[in-house]
$ cat data_5.cif   # mmCIF, C-alpha atoms (C1' of nucleotides)
data_structure
loop_
_atom_site.group_PDB
_atom_site.id
_atom_site.type_symbol
_atom_site.label_atom_id
_atom_site.label_comp_id
_atom_site.auth_asym_id
_atom_site.auth_seq_id
_atom_site.Cartn_x
_atom_site.Cartn_y
_atom_site.Cartn_z
ATOM 1 C CA MET Q 173 32.192 -0.859 22.175
ATOM 2 C CA ALA Q 174 31.110 -0.520 18.586
ATOM 3 C CA ASN Q 175 30.575 3.263 18.630
ATOM 4 C CA LEU Q 176 28.228 3.342 15.684
ATOM 5 C CA THR Q 177 26.512 6.252 14.001
ATOM 6 C CA ILE Q 178 22.777 6.029 13.548
ATOM 7 C CA ALA Q 179 23.184 4.985 9.918
ATOM 8 C CA ARG Q 180 25.388 2.061 10.871
ATOM 9 C CA LEU Q 181 23.066 1.066 13.698
ATOM 10 C CA ALA Q 182 20.131 1.109 11.305
ATOM 11 C CA ALA Q 183 22.051 -0.903 8.724
ATOM 12 C CA SER Q 184 22.966 -3.513 11.317
ATOM 13 C CA ALA Q 185 19.289 -4.370 11.658
ATOM 14 C CA GLY Q 186 18.367 -3.757 8.048
ATOM 15 C CA VAL Q 187 16.186 -0.735 8.680
ATOM 16 C CA GLY Q 188 16.376 2.900 7.656
ATOM 17 C CA VAL Q 189 17.696 5.785 9.723
ATOM 18 C CA GLU Q 190 14.229 7.312 9.850
ATOM 19 C CA THR Q 191 12.862 4.113 11.302
ATOM 20 C CA VAL Q 192 15.350 4.227 14.176
ATOM 21 C CA ARG Q 193 14.357 7.794 14.903
ATOM 22 C CA PHE Q 194 10.720 6.754 14.728
ATOM 23 C CA TYR Q 195 11.341 4.072 17.364
ATOM 24 C CA GLN Q 196 13.106 6.644 19.513
ATOM 25 C CA ARG Q 197 10.117 8.950 19.288
ATOM 26 C CA LYS Q 198 7.877 6.036 20.237
ATOM 27 C CA GLY Q 199 9.991 5.364 23.285
ATOM 28 C CA LEU Q 200 11.069 1.934 22.047
ATOM 29 C CA MET Q 201 14.702 2.974 21.966
ATOM 30 C CA ALA Q 202 16.528 5.444 24.137
ATOM 31 C CA VAL Q 203 18.225 8.451 22.627
ATOM 32 C CA PRO Q 204 21.771 8.257 23.961
ATOM 33 C CA ALA Q 205 22.736 11.351 25.925
ATOM 34 C CA SER Q 206 25.791 11.971 23.856
ATOM 35 C CA SER Q 207 28.410 14.435 24.941
ATOM 36 C CA GLY Q 208 28.877 15.944 21.495
ATOM 37 C CA ALA Q 209 26.312 16.864 18.890
ATOM 38 C CA VAL Q 210 26.349 13.538 17.087
ATOM 39 C CA ARG Q 211 25.050 10.515 18.978
ATOM 40 C CA HIS Q 212 26.843 7.213 19.151
ATOM 41 C CA TYR Q 213 25.411 3.757 19.591
ATOM 42 C CA ASP Q 214 26.804 0.461 20.839
ATOM 43 C CA GLU Q 215 26.014 -3.237 20.928
ATOM 44 C CA THR Q 216 23.160 -2.841 23.396
ATOM 45 C CA ASP Q 217 21.403 -0.564 20.930
ATOM 46 C CA VAL Q 218 21.953 -3.096 18.166
ATOM 47 C CA GLN Q 219 20.500 -5.781 20.429
ATOM 48 C CA ARG Q 220 17.473 -3.688 21.219
ATOM 49 C CA LEU Q 221 16.809 -2.843 17.598
ATOM 50 C CA ARG Q 222 17.075 -6.513 16.671
ATOM 51 C CA PHE Q 223 14.713 -7.367 19.529
ATOM 52 C CA ILE Q 224 12.129 -5.020 18.071
ATOM 53 C CA ARG Q 225 12.400 -6.491 14.594
ATOM 54 C CA ALA Q 226 12.324 -10.076 15.849
ATOM 55 C CA ALA Q 227 9.242 -9.444 17.962
ATOM 56 C CA GLN Q 228 7.630 -7.715 15.001
ATOM 57 C CA ARG Q 229 8.206 -10.804 12.890
ATOM 58 C CA ALA Q 230 6.351 -12.753 15.574
ATOM 59 C CA GLY Q 231 3.404 -10.466 14.986
ATOM 60 C CA PHE Q 232 3.650 -8.225 18.042
ATOM 61 C CA SER Q 233 2.616 -4.614 17.575
ATOM 62 C CA LEU Q 234 4.976 -1.822 18.555
ATOM 63 C CA LYS Q 235 2.808 -1.186 21.607
ATOM 64 C CA GLU Q 236 3.149 -4.796 22.731
ATOM 65 C CA ILE Q 237 6.853 -4.684 22.011
ATOM 66 C CA ALA Q 238 7.171 -1.673 24.284
ATOM 67 C CA GLU Q 239 5.653 -3.760 27.042
ATOM 68 C CA LEU Q 240 7.918 -6.717 26.303
ATOM 69 C CA LEU Q 241 10.915 -4.426 26.509
ATOM 70 C CA ALA Q 242 9.760 -3.173 29.887
ATOM 71 C CA LEU Q 243 9.309 -6.769 31.019
ATOM 72 C CA ASP Q 244 12.820 -7.573 29.860
ATOM 73 C CA ALA Q 245 13.951 -5.383 32.711
ATOM 74 C CA SER Q 246 11.428 -6.520 35.321
ATOM 75 C CA ASP Q 247 11.656 -10.258 34.518
ATOM 76 C CA ASP Q 248 7.906 -10.832 34.930
ATOM 77 C CA ARG Q 249 7.606 -14.169 33.160
ATOM 78 C CA ALA Q 250 3.903 -14.583 33.904
ATOM 79 C CA ARG Q 251 3.112 -11.378 32.043
ATOM 80 C CA VAL Q 252 5.361 -12.313 29.132
ATOM 81 C CA GLN Q 253 3.595 -15.649 28.909
ATOM 82 C CA ALA Q 254 0.200 -13.966 28.971
ATOM 83 C CA LEU Q 255 1.182 -11.642 26.135
ATOM 84 C CA THR Q 256 2.524 -14.592 24.194
ATOM 85 C CA ARG Q 257 -0.656 -16.612 24.668
ATOM 86 C CA THR Q 258 -2.762 -13.664 23.525
ATOM 87 C CA ARG Q 259 -0.577 -13.333 20.457
ATOM 88 C CA LEU Q 260 -0.847 -17.050 19.716
ATOM 89 C CA ALA Q 261 -4.628 -16.872 19.912
ATOM 90 C CA ALA Q 262 -4.644 -13.893 17.557
ATOM 91 C CA LEU Q 263 -2.361 -15.772 15.165
ATOM 92 C CA ASP Q 264 -4.769 -18.731 15.185
ATOM 93 C CA ALA Q 265 -7.691 -16.457 14.415
ATOM 94 C CA GLU Q 266 -5.822 -14.753 11.584
ATOM 95 C CA MET Q 267 -4.746 -18.081 10.140
ATOM 96 C CA ALA Q 268 -8.294 -19.402 10.214
ATOM 97 C CA GLU Q 269 -9.505 -16.346 8.334
ATOM 98 C CA LEU Q 270 -6.795 -16.656 5.739
ATOM 99 C CA ALA Q 271 -7.469 -20.370 5.332
ATOM 100 C CA ALA Q 272 -11.155 -19.705 4.746
ATOM 101 C CA ALA Q 273 -10.405 -17.007 2.197
ATOM 102 C CA LYS Q 274 -7.896 -19.256 0.472
ATOM 103 C CA ALA Q 275 -10.282 -22.195 0.267
ATOM 104 C CA MET Q 276 -12.947 -19.998 -1.228
ATOM 105 C CA LEU Q 277 -10.704 -18.387 -3.811
ATOM 106 C CA ALA Q 278 -9.006 -21.651 -4.767
ATOM 107 C CA GLY Q 279 -12.363 -23.286 -5.346
ATOM 108 C CA LEU Q 280 -13.630 -20.397 -7.398
ATOM 109 C CA LEU Q 281 -10.483 -20.203 -9.440
ATOM 110 C CA SER Q 282 -10.629 -23.829 -10.515
ATOM 111 C CA GLU Q 283 -14.295 -23.407 -11.290
ATOM 112 C CA CYS Q 284 -13.590 -20.318 -13.337
ATOM 113 C CA THR Q 285 -10.674 -21.797 -15.268
ATOM 114 C CA SER Q 286 -12.612 -24.953 -16.106
ATOM 115 C CA GLY Q 287 -14.130 -22.826 -18.816
ATOM 116 C CA LYS Q 288 -17.854 -23.111 -18.383
ATOM 117 C CA ALA Q 289 -20.096 -20.621 -20.042
ATOM 118 C CA GLY Q 290 -22.026 -17.958 -18.202
ATOM 119 C CA PRO Q 291 -20.813 -15.316 -15.825
ATOM 120 C CA CYS Q 292 -17.446 -15.635 -14.120
ATOM 121 C CA PRO Q 293 -18.026 -17.615 -10.903
ATOM 122 C CA ILE Q 294 -15.612 -15.450 -8.944
ATOM 123 C CA ILE Q 295 -17.478 -12.290 -9.744
ATOM 124 C CA ALA Q 296 -20.782 -14.087 -9.325
ATOM 125 C CA THR Q 297 -19.834 -15.181 -5.827
ATOM 126 C CA PHE Q 298 -19.044 -11.684 -4.689
ATOM 127 C CA THR Q 299 -22.208 -10.455 -6.359
ATOM 128 C CA GLY Q 300 -24.498 -13.044 -4.792
ATOM 129 C CA LYS Q 301 -25.714 -12.671 -1.243
ATOM 130 C CA ALA Q 302 -24.440 -15.937 0.203
ATOM 131 C CA CYS Q 303 -20.708 -16.329 0.572
ATOM 132 C CA HIS Q 304 -20.443 -20.144 0.593
ATOM 133 C CA MET U 272 -37.385 -1.282 -6.499
ATOM 134 C CA ALA U 273 -36.485 -1.117 -2.854
ATOM 135 C CA ASN U 274 -36.078 2.675 -2.684
ATOM 136 C CA LEU U 275 -33.842 2.641 0.373
ATOM 137 C CA THR U 276 -32.331 5.488 2.296
ATOM 138 C CA ILE U 277 -28.614 5.361 2.885
ATOM 139 C CA ALA U 278 -29.103 4.090 6.437
ATOM 140 C CA ARG U 279 -31.171 1.153 5.218
ATOM 141 C CA LEU U 280 -28.708 0.416 2.442
ATOM 142 C CA ALA U 281 -25.875 0.399 4.968
ATOM 143 C CA ALA U 282 -27.820 -1.814 7.348
ATOM 144 C CA SER U 283 -28.542 -4.293 4.558
ATOM 145 C CA ALA U 284 -24.817 -5.023 4.354
ATOM 146 C CA GLY U 285 -24.072 -4.575 8.029
ATOM 147 C CA VAL U 286 -21.976 -1.448 7.653
ATOM 148 C CA GLY U 287 -22.351 2.123 8.878
ATOM 149 C CA VAL U 288 -23.668 5.068 6.915
ATOM 150 C CA GLU U 289 -20.249 6.700 7.044
ATOM 151 C CA THR U 290 -18.717 3.629 5.467
ATOM 152 C CA VAL U 291 -21.067 3.824 2.496
ATOM 153 C CA ARG U 292 -20.161 7.460 2.007
ATOM 154 C CA PHE U 293 -16.508 6.522 2.271
ATOM 155 C CA TYR U 294 -16.941 3.961 -0.518
ATOM 156 C CA GLN U 295 -18.703 6.591 -2.609
ATOM 157 C CA ARG U 296 -15.794 8.970 -2.139
ATOM 158 C CA LYS U 297 -13.420 6.166 -3.141
ATOM 159 C CA GLY U 298 -15.387 5.590 -6.324
ATOM 160 C CA LEU U 299 -16.430 2.077 -5.318
ATOM 161 C CA MET U 300 -20.078 3.013 -5.330
ATOM 162 C CA ALA U 301 -21.907 5.555 -7.433
ATOM 163 C CA VAL U 302 -23.742 8.437 -5.823
ATOM 164 C CA PRO U 303 -27.232 8.245 -7.317
ATOM 165 C CA ALA U 304 -28.197 11.440 -9.136
ATOM 166 C CA SER U 305 -31.353 11.890 -7.150
ATOM 167 C CA SER U 306 -33.961 14.369 -8.246
ATOM 168 C CA GLY U 307 -34.703 15.588 -4.734
ATOM 169 C CA ALA U 308 -32.333 16.411 -1.938
ATOM 170 C CA VAL U 309 -32.296 12.946 -0.349
ATOM 171 C CA ARG U 310 -30.801 10.106 -2.368
ATOM 172 C CA HIS U 311 -32.469 6.758 -2.791
ATOM 173 C CA TYR U 312 -30.914 3.375 -3.383
ATOM 174 C CA ASP U 313 -32.129 0.115 -4.851
ATOM 175 C CA GLU U 314 -31.226 -3.574 -5.098
ATOM 176 C CA THR U 315 -28.281 -2.958 -7.425
ATOM 177 C CA ASP U 316 -26.700 -0.749 -4.759
ATOM 178 C CA VAL U 317 -27.285 -3.445 -2.155
ATOM 179 C CA GLN U 318 -25.650 -5.988 -4.496
ATOM 180 C CA ARG U 319 -22.656 -3.774 -5.029
ATOM 181 C CA LEU U 320 -22.177 -3.084 -1.348
ATOM 182 C CA ARG U 321 -22.376 -6.811 -0.609
ATOM 183 C CA PHE U 322 -19.862 -7.467 -3.381
ATOM 184 C CA ILE U 323 -17.417 -5.120 -1.720
ATOM 185 C CA ARG U 324 -17.778 -6.763 1.684
ATOM 186 C CA ALA U 325 -17.529 -10.287 0.265
ATOM 187 C CA ALA U 326 -14.385 -9.460 -1.690
ATOM 188 C CA GLN U 327 -12.931 -7.833 1.411
ATOM 189 C CA ARG U 328 -13.507 -11.024 3.357
ATOM 190 C CA ALA U 329 -11.490 -12.803 0.666
ATOM 191 C CA GLY U 330 -8.620 -10.452 1.453
ATOM 192 C CA PHE U 331 -8.845 -8.093 -1.498
ATOM 193 C CA SER U 332 -7.950 -4.472 -0.839
ATOM 194 C CA LEU U 333 -10.356 -1.712 -1.782
ATOM 195 C CA LYS U 334 -8.105 -0.880 -4.720
ATOM 196 C CA GLU U 335 -8.289 -4.436 -6.024
ATOM 197 C CA ILE U 336 -12.026 -4.475 -5.429
ATOM 198 C CA ALA U 337 -12.346 -1.363 -7.576
ATOM 199 C CA GLU U 338 -10.675 -3.283 -10.379
ATOM 200 C CA LEU U 339 -12.871 -6.334 -9.833
ATOM 201 C CA LEU U 340 -15.924 -4.121 -10.037
ATOM 202 C CA ALA U 341 -14.715 -2.706 -13.323
ATOM 203 C CA LEU U 342 -14.130 -6.246 -14.583
ATOM 204 C CA ASP U 343 -17.648 -7.207 -13.564
ATOM 205 C CA ALA U 344 -18.781 -4.932 -16.363
ATOM 206 C CA SER U 345 -16.149 -5.930 -18.933
ATOM 207 C CA ASP U 346 -16.307 -9.706 -18.272
ATOM 208 C CA ASP U 347 -12.526 -10.162 -18.609
ATOM 209 C CA ARG U 348 -12.178 -13.535 -16.945
ATOM 210 C CA ALA U 349 -8.445 -13.786 -17.608
ATOM 211 C CA ARG U 350 -7.810 -10.648 -15.619
ATOM 212 C CA VAL U 351 -10.094 -11.756 -12.801
ATOM 213 C CA GLN U 352 -8.226 -15.031 -12.654
ATOM 214 C CA ALA U 353 -4.899 -13.242 -12.582
ATOM 215 C CA LEU U 354 -6.005 -11.066 -9.677
ATOM 216 C CA THR U 355 -7.290 -14.131 -7.879
ATOM 217 C CA ARG U 356 -4.047 -16.018 -8.371
ATOM 218 C CA THR U 357 -2.075 -13.047 -7.077
ATOM 219 C CA ARG U 358 -4.323 -12.897 -4.034
ATOM 220 C CA LEU U 359 -3.923 -16.640 -3.461
ATOM 221 C CA ALA U 360 -0.148 -16.321 -3.595
ATOM 222 C CA ALA U 361 -0.269 -13.442 -1.127
ATOM 223 C CA LEU U 362 -2.505 -15.500 1.149
ATOM 224 C CA ASP U 363 -0.002 -18.360 1.022
ATOM 225 C CA ALA U 364 2.841 -16.028 1.906
ATOM 226 C CA GLU U 365 0.910 -14.487 4.781
ATOM 227 C CA MET U 366 -0.068 -17.916 6.079
ATOM 228 C CA ALA U 367 3.523 -19.120 5.958
ATOM 229 C CA GLU U 368 4.646 -16.098 7.960
ATOM 230 C CA LEU U 369 1.937 -16.602 10.528
ATOM 231 C CA ALA U 370 2.736 -20.308 10.781
ATOM 232 C CA ALA U 371 6.404 -19.555 11.370
ATOM 233 C CA ALA U 372 5.574 -16.982 14.026
ATOM 234 C CA LYS U 373 3.158 -19.382 15.671
ATOM 235 C CA ALA U 374 5.636 -22.241 15.738
ATOM 236 C CA MET U 375 8.269 -20.018 17.272
ATOM 237 C CA LEU U 376 6.004 -18.575 19.935
ATOM 238 C CA ALA U 377 4.424 -21.930 20.809
ATOM 239 C CA GLY U 378 7.831 -23.488 21.280
ATOM 240 C CA LEU U 379 9.064 -20.611 23.392
ATOM 241 C CA LEU U 380 5.941 -20.603 25.501
ATOM 242 C CA SER U 381 6.249 -24.254 26.441
ATOM 243 C CA GLU U 382 9.921 -23.737 27.153
ATOM 244 C CA CYS U 383 9.153 -20.735 29.321
ATOM 245 C CA THR U 384 6.347 -22.394 31.256
ATOM 246 C CA SER U 385 8.421 -25.482 31.941
ATOM 247 C CA GLY U 386 9.911 -23.405 34.699
ATOM 248 C CA LYS U 387 13.639 -23.538 34.152
ATOM 249 C CA ALA U 388 15.843 -21.015 35.826
ATOM 250 C CA GLY U 389 17.657 -18.230 34.036
ATOM 251 C CA PRO U 390 16.299 -15.565 31.766
ATOM 252 C CA CYS U 391 12.889 -15.943 30.146
ATOM 253 C CA PRO U 392 13.442 -17.800 26.843
ATOM 254 C CA ILE U 393 10.906 -15.671 25.014
ATOM 255 C CA ILE U 394 12.699 -12.466 25.875
ATOM 256 C CA ALA U 395 16.033 -14.121 25.297
ATOM 257 C CA THR U 396 15.041 -15.134 21.788
ATOM 258 C CA PHE U 397 14.108 -11.625 20.782
ATOM 259 C CA THR U 398 17.268 -10.345 22.386
ATOM 260 C CA GLY U 399 19.589 -12.795 20.662
ATOM 261 C CA LYS U 400 20.626 -12.318 17.063
ATOM 262 C CA ALA U 401 19.480 -15.602 15.533
ATOM 263 C CA CYS U 402 15.763 -16.227 15.386
ATOM 264 C CA HIS U 403 16.231 -19.855 14.384
ATOM 265 C "C1'" DA V 25 -47.376 22.402 12.872
ATOM 266 C "C1'" DT V 26 -44.042 21.126 15.570
ATOM 267 C "C1'" DA V 27 -40.962 17.878 17.462
ATOM 268 C "C1'" DC V 28 -37.620 14.662 16.072
ATOM 269 C "C1'" DC V 29 -34.746 11.798 13.536
ATOM 270 C "C1'" DC V 30 -32.597 11.353 9.097
ATOM 271 C "C1'" DT V 31 -29.787 13.080 5.148
ATOM 272 C "C1'" DC V 32 -26.282 15.902 2.955
ATOM 273 C "C1'" DC V 33 -21.775 17.934 2.675
ATOM 274 C "C1'" DG V 34 -17.380 19.074 4.049
ATOM 275 C "C1'" DT V 35 -13.802 18.529 6.902
ATOM 276 C "C1'" DA V 36 -11.234 16.649 10.491
ATOM 277 C "C1'" DC V 37 -9.523 12.933 12.935
ATOM 278 C "C1'" DC V 38 -8.199 7.910 14.414
ATOM 279 C "C1'" DA V 39 -4.652 3.896 14.507
ATOM 280 C "C1'" DC V 40 -0.555 1.883 12.540
ATOM 281 C "C1'" DG V 41 4.074 1.958 10.917
ATOM 282 C "C1'" DA V 42 6.686 4.304 8.744
ATOM 283 C "C1'" DT V 43 8.840 7.792 5.262
ATOM 284 C "C1'" DA V 44 10.168 12.471 3.549
ATOM 285 C "C1'" DC V 45 12.047 16.807 3.764
ATOM 286 C "C1'" DA V 46 13.906 21.361 5.176
ATOM 287 C "C1'" DG V 47 17.405 23.840 7.327
ATOM 288 C "C1'" DA V 48 21.174 23.952 10.274
ATOM 289 C "C1'" DG V 49 25.102 21.813 12.348
ATOM 290 C "C1'" DT V 50 29.190 18.451 12.477
ATOM 291 C "C1'" DC V 51 33.033 15.820 11.070
ATOM 292 C "C1'" DA V 52 36.695 13.617 8.472
ATOM 293 C "C1'" DA V 53 39.381 13.290 4.174
ATOM 294 C "C1'" DG V 54 41.893 15.479 0.696
ATOM 295 C "C1'" DC J 39 40.037 25.007 4.502
ATOM 296 C "C1'" DT J 40 36.820 23.472 1.606
ATOM 297 C "C1'" DT J 41 33.845 19.923 0.120
ATOM 298 C "C1'" DG J 42 30.744 16.401 0.651
ATOM 299 C "C1'" DA J 43 28.624 13.031 3.387
ATOM 300 C "C1'" DC J 44 26.437 12.448 7.348
ATOM 301 C "C1'" DT J 45 23.548 14.008 11.604
ATOM 302 C "C1'" DC J 46 20.070 16.572 14.287
ATOM 303 C "C1'" DT J 47 15.471 18.567 15.020
ATOM 304 C "C1'" DG J 48 10.986 19.363 13.885
ATOM 305 C "C1'" DT J 49 7.157 18.905 11.145
ATOM 306 C "C1'" DA J 50 4.573 16.995 7.307
ATOM 307 C "C1'" DT J 51 3.057 13.354 4.519
ATOM 308 C "C1'" DC J 52 1.823 8.562 3.047
ATOM 309 C "C1'" DG J 53 -1.410 4.396 2.691
ATOM 310 C "C1'" DT J 54 -5.133 1.690 4.494
ATOM 311 C "C1'" DG J 55 -9.808 1.607 6.052
ATOM 312 C "C1'" DG J 56 -12.478 3.779 8.117
ATOM 313 C "C1'" DT J 57 -15.021 7.035 12.170
ATOM 314 C "C1'" DA J 58 -16.671 11.529 14.026
ATOM 315 C "C1'" DC J 59 -18.723 15.867 13.975
ATOM 316 C "C1'" DG J 60 -21.073 20.218 12.940
ATOM 317 C "C1'" DG J 61 -24.541 22.822 10.728
ATOM 318 C "C1'" DA J 62 -28.156 23.140 7.422
ATOM 319 C "C1'" DG J 63 -31.999 21.177 5.332
ATOM 320 C "C1'" DG J 64 -35.594 17.192 4.434
ATOM 321 C "C1'" DG J 65 -39.378 13.991 5.649
ATOM 322 C "C1'" DT J 66 -42.722 12.131 8.816
ATOM 323 C "C1'" DA J 67 -45.404 10.737 12.962
ATOM 324 C "C1'" DT J 68 -48.450 12.547 16.159
#
$ encode --input "data_5.cif" --output "structure tokens"
Amino acid sequence: MANLTIARLAASAGVGVETVRFYQRKGLMAVPASSGAVRHYDETDVQRLRFIRAAQRAGFSLKEIAELLALDASDDRARVQALTRTRLAALDAEMAELAAAKAMLAGLLSECTSGKAGPCPIIATFTGKACH
Amino acid sequence: MANLTIARLAASAGVGVETVRFYQRKGLMAVPASSGAVRHYDETDVQRLRFIRAAQRAGFSLKEIAELLALDASDDRARVQALTRTRLAALDAEMAELAAAKAMLAGLLSECTSGKAGPCPIIATFTGKACH
DNA sequence: ATACCCTCCGTACCACGATACAGAGTCAAG
DNA sequence: CTTGACTCTGTATCGTGGTACGGAGGGTAT
């Protein structure tokens, strides 16, 4: 067993000590019932912390991650799949929004840099009532 | 001049009254120095409120929008273009992250639904250290 | 002129994900 | 046995973009 302090646990996942404590308060990580005054952590804690960060990178909120962690124990694949599908749909929606914003800004930027006279087209677009 | 109350101004941009007041507190919109006790708004206020919402849809933060509004007056196209390019780069980065998350989740979902035995691959991925 | 809704103003609160800090305790090295 | 780094606990604060509410006063439709 690794027998890590909280600082070393945090470092193993590239987060700060305060962040680990924050996850403990949120119920995402257990606070080990240490015998002494200073708590010690092992590989399972490292795994769990990495799980949280990996799921976060996939766009899950801490609330959803809490559910995933619970499902890790119960092995309810249907529910995990449902959460994943919901997340995929949300990702699609976010990507569509970003793509629309990007297309608009890219168009305006090339228009603006092409050096025509008159008001800046970027500003003009935001000022006008119709947004493309 | 339209001579709108705050509720009608808000409605003209599809936001709530409280949101307009919030923008006023943030300095994004001026509070008209009304003679009486109830303030009145005109087309220029409607324009400005629409500007804010349009720029928000393009992904600008309220802080950036404040700068864009200042630039609207000063007509500094170079600075507007710089802000736009920064925003475009940020959009690209966000889209890349979302695409990576989507690819990972989509792959895991099909793996998970294909009904193999053993632990759920989605959970297993978050648990494991490498997130390919 | 009297309901009745709207406005004004200040303040508080929400979600989200942290981050900071104070004050006391603990632990290992020199 | 002291020093210095680390830990524990609790509470407060941050940034982002709002939303809610209470009490006092304004404006208007009937």
$ residues_around --input "data_5.cif" --residues "Asp217 in chain Q" --least-positions-apart "2" --cutoff "12 Å" --atoms "only C-alpha atoms (C1' of nucleotides)" --output "ChimeraX atom specification"
/Q:173-178,180-182,184-185,192,195-196,200-204,211-215,219-224 /U:398
$ closest_residue --input "data_5.cif" --among "U:Ala278, U:Ala372, U:Glu289, U:Ala360" --to "DA58 in chain J" --atoms "only C-alpha atoms (C1' of nucleotides)"
U:Glu289
$ closest_residue --input "data_5.cif" --among "J:DT45, J:DT51, J:DT57, J:DT68" --to "chain U" --atoms "all atoms listed in the file"
J:DT57
$ resolve_selection --input "data_5.cif" --expression "the PyMOL selection byres ((chain Q) within 9 of (chain U))" --output "ChimeraX atom specification"
/Q:219-227,229-231,240-241,243-244,247-250,252-253,256-257,259-260,263-264,266-267,269-274,276-278,280-281,284-285,291-292,294-303
$ closest_residue --input "data_5.cif" --among "V:DA25, V:DC30, V:DA39, V:DA46" --to "chain U" --atoms "only C-alpha atoms (C1' of nucleotides)"
V:DC30
$ resolve_selection --input "data_5.cif" --expression "the PyMOL selection byres ((chain Q) within 9 of (chain V))" --output "ChimeraX atom specification"
/Q:190-191,194,209-210,233-234
$ atom_distance --input "data_5.cif" --atom1 "C1' of DG64 in chain J" --atom2 "CA of Val288 in chain U"
17.2 Å
$ interface_residues --input "data_5.cif" --of "chain J" --to "chain Q" --cutoff "12 Å" --atoms "all atoms listed in the file" --output "PyMOL selection string"
chain J and resi 43-48
$ axis_aligned_box --input "data_5.cif" --around "range 48-63 of chain J" --padding-each-side "5 Å" --output "JSON"
{"center_x": -10.5, "center_y": 12.4, "center_z": 8.4, "size_x": 53.0, "size_y": 31.5, "size_z": 21.3}
$ atom_distance --input "data_5.cif" --atom1 "CA of Lys334 in chain U" --atom2 "CA of Ala265 in chain Q"
24.7 Å
$ closest_residue --input "data_5.cif" --among "Q:Ser206, Q:Gly186, Q:Arg251, Q:Arg193" --to "Glu239 in chain Q" --atoms "all atoms listed in the file"
Q:Arg251
$ atom_distance --input "data_5.cif" --atom1 "CA of Gly287 in chain U" --atom2 "C1' of DG55 in chain J"
12.9 Å
